[in-house]
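One structure is given here, and the rest of the page talks about it.
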Amino acid sequence: MTRFVNLVVRLWRITVGGLMLAVVVLTVSQVFARYVLNSSIIWAEEANRLLYVWVILLAAVGADHMRIGLIADKPRLRPVLAQFGVIAGIAALGLVVWGGWTLNAVFSSDRYVTLGLSKSWYFSAALIAGVAWAIVLIWRNFSLQEDPKA
């Protein structure tokens, strides 16, 4: 099972890194085209906005999130706070997924002007990242229960 998890994490990191590289290349290309060639890449702004949303949400799935060590590291409170964090996190992610689902339904027929893509691509990031993030939260919670030192 560990090999599978490591493979998934590696693929996730490659995906997020590839999306970030695409953002950087597209932004540098847009700046070069605008200020050196006096011409603009028309679709670059919409593509960058779409890529940023995906990068941010997918990167957040695997990030370690902020906590107050003074409270969270107390041995008696750690299990209770971990459970509370998972429950609160899943509730918040439920709102993210619900919002993405709702906005997807409302704006699914809208299209990006220059890209020609459906706006569903924009809101699908919230659906996919929200579900993946909830899975990661639950997975980490069970991993902590198995290995209390983690």
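Letters A, B, ... mark the chains of the structure tokens in the order given; residue numbers begin at 1 per chain; ligand numbers begin at 1, in order shown.
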
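Within the 8 Å cut-off around range 98-111 of chain A, using only C-alpha atoms and omitting residues fewer than 4 positions from it on the same chain, the listed residues are Gly94, Leu115, Gly116, Leu117, Ser118, Lys119, Ser120, Phe123, Ser124, Ala125, Ala126 and Leu127 of chain A.
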
Selected residues written out with N, CA, C and O atoms, as a CSV table (one decimal), in the first residue's frame:
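Here's the written file selection_10.csv:
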```csv
chain,number,residue,atom,x,y,z
A,94,GLY,N,-16.8,20.1,2.3
A,94,GLY,CA,-18.2,19.9,1.8
A,94,GLY,C,-18.7,21.1,1.2
A,94,GLY,O,-19.4,21.1,0.2
A,115,LEU,N,-10.5,31.1,-25.1
A,115,LEU,CA,-10.1,29.7,-25.0
A,115,LEU,C,-11.1,28.8,-25.7
A,115,LEU,O,-10.8,27.7,-26.2
A,116,GLY,N,-12.4,29.2,-25.6
A,116,GLY,CA,-13.5,28.4,-26.1
A,116,GLY,C,-13.8,27.2,-25.2
A,116,GLY,O,-14.7,26.4,-25.6
A,117,LEU,N,-13.2,27.2,-24.0
A,117,LEU,CA,-13.5,26.1,-23.1
A,117,LEU,C,-14.7,26.4,-22.2
A,117,LEU,O,-15.0,27.6,-22.0
A,118,SER,N,-15.4,25.4,-21.7
A,118,SER,CA,-16.5,25.6,-20.8
A,118,SER,C,-16.0,26.1,-19.5
A,118,SER,O,-14.9,25.8,-19.0
A,119,LYS,N,-16.8,27.0,-18.9
A,119,LYS,CA,-16.4,27.5,-17.5
A,119,LYS,C,-16.4,26.4,-16.5
A,119,LYS,O,-16.0,26.5,-15.4
A,120,SER,N,-17.0,25.2,-16.9
A,120,SER,CA,-17.0,24.0,-16.0
A,120,SER,C,-15.6,23.7,-15.6
A,120,SER,O,-15.3,23.2,-14.5
A,123,PHE,N,-14.7,25.6,-12.3
A,123,PHE,CA,-15.3,25.2,-11.1
A,123,PHE,C,-15.1,23.7,-10.8
A,123,PHE,O,-15.3,23.3,-9.6
A,124,SER,N,-14.7,22.9,-11.8
A,124,SER,CA,-14.4,21.5,-11.5
A,124,SER,C,-13.2,21.4,-10.7
A,124,SER,O,-13.0,20.3,-10.0
A,125,ALA,N,-12.3,22.4,-10.7
A,125,ALA,CA,-11.1,22.3,-9.8
A,125,ALA,C,-11.6,22.2,-8.3
A,125,ALA,O,-11.0,21.5,-7.5
A,126,ALA,N,-12.6,22.9,-7.9
A,126,ALA,CA,-13.1,22.9,-6.6
A,126,ALA,C,-13.7,21.5,-6.3
A,126,ALA,O,-13.5,21.0,-5.1
A,127,LEU,N,-14.4,20.9,-7.2
A,127,LEU,CA,-15.0,19.6,-7.0
A,127,LEU,C,-13.9,18.6,-6.8
A,127,LEU,O,-13.9,17.8,-5.8
```

Among range 42-147 of chain A, which residues does DSSP mark as helix (DSSP H, G or I) when it is run on the backbone? Keep the chain and numbering as in the structure and answer as a ChimeraX atom specification. /A:44-62,69-72,78-107,120-146

Residues near Val55 in chain A, anyone? I mean within 8 Å using only C-alpha atoms, not counting same-chain ones fewer than 3 positions away, as a PyMOL selection string. chain A and resi 16+19-20+51-52+58-59

Take the residues from that selection and put them in a file with C-alpha atoms, as a PDB file, in the first residue's frame.
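Result file again_30.pdb:
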```pdb
ATOM      1  CA  VAL A  16       1.175  20.448  -9.669  1.00  0.00           C
ATOM      2  CA  LEU A  19       0.866  23.211 -13.987  1.00  0.00           C
ATOM      3  CA  MET A  20       3.072  25.730 -12.174  1.00  0.00           C
ATOM      4  CA  LEU A  51      -4.203  27.310 -14.401  1.00  0.00           C
ATOM      5  CA  TYR A  52      -3.779  29.335 -11.195  1.00  0.00           C
ATOM      6  CA  LEU A  58      -4.349  20.924  -6.132  1.00  0.00           C
ATOM      7  CA  ALA A  59      -1.308  22.165  -4.205  1.00  0.00           C
TER       8      ALA A  59
END
```

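Excluding range 133-136 of chain A itself and any same-chain residue fewer than 2 positions from it, the protein and nucleic acid residues within 7 Å of it, counting only C-alpha atoms, are Val61, Ile90, Leu93, Ala129, Gly130, Val131, Ile138, Trp139 and Arg140 of chain A.
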
Which residue, A:Asn141, A:Pro75, A:Asp64, A:Asn48, has the smallest gap to Leu21 in chain A when you use only C-alpha atoms?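 Distance minimum relative to Leu21 in chain A lands on A:Asn48.
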
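The residue that comes closest to Trp43 in chain A, out of A:Val23, A:Tyr122, A:Val113, A:Ala132 and on the basis of only C-alpha atoms, is A:Val113.
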
Provide the CA of Gly18 in chain A to CA of Ala44 in chain A distance in Å, to one decimal place.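 Pair CA of Gly18 in chain A / CA of Ala44 in chain A returns 16.6 Å.
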
Determine, counting only C-alpha atoms, which protein, DNA and RNA residues have an atom within 12 Å of an atom of range 36-41 of chain A; residues of the same chain fewer than 6 positions away are not included. Present the result as a list in words.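 My list of contacting residues is Leu26, Thr27, Val28, Ser29, Gln30, Ala47, Asn48, Thr114 and Leu115 of chain A.
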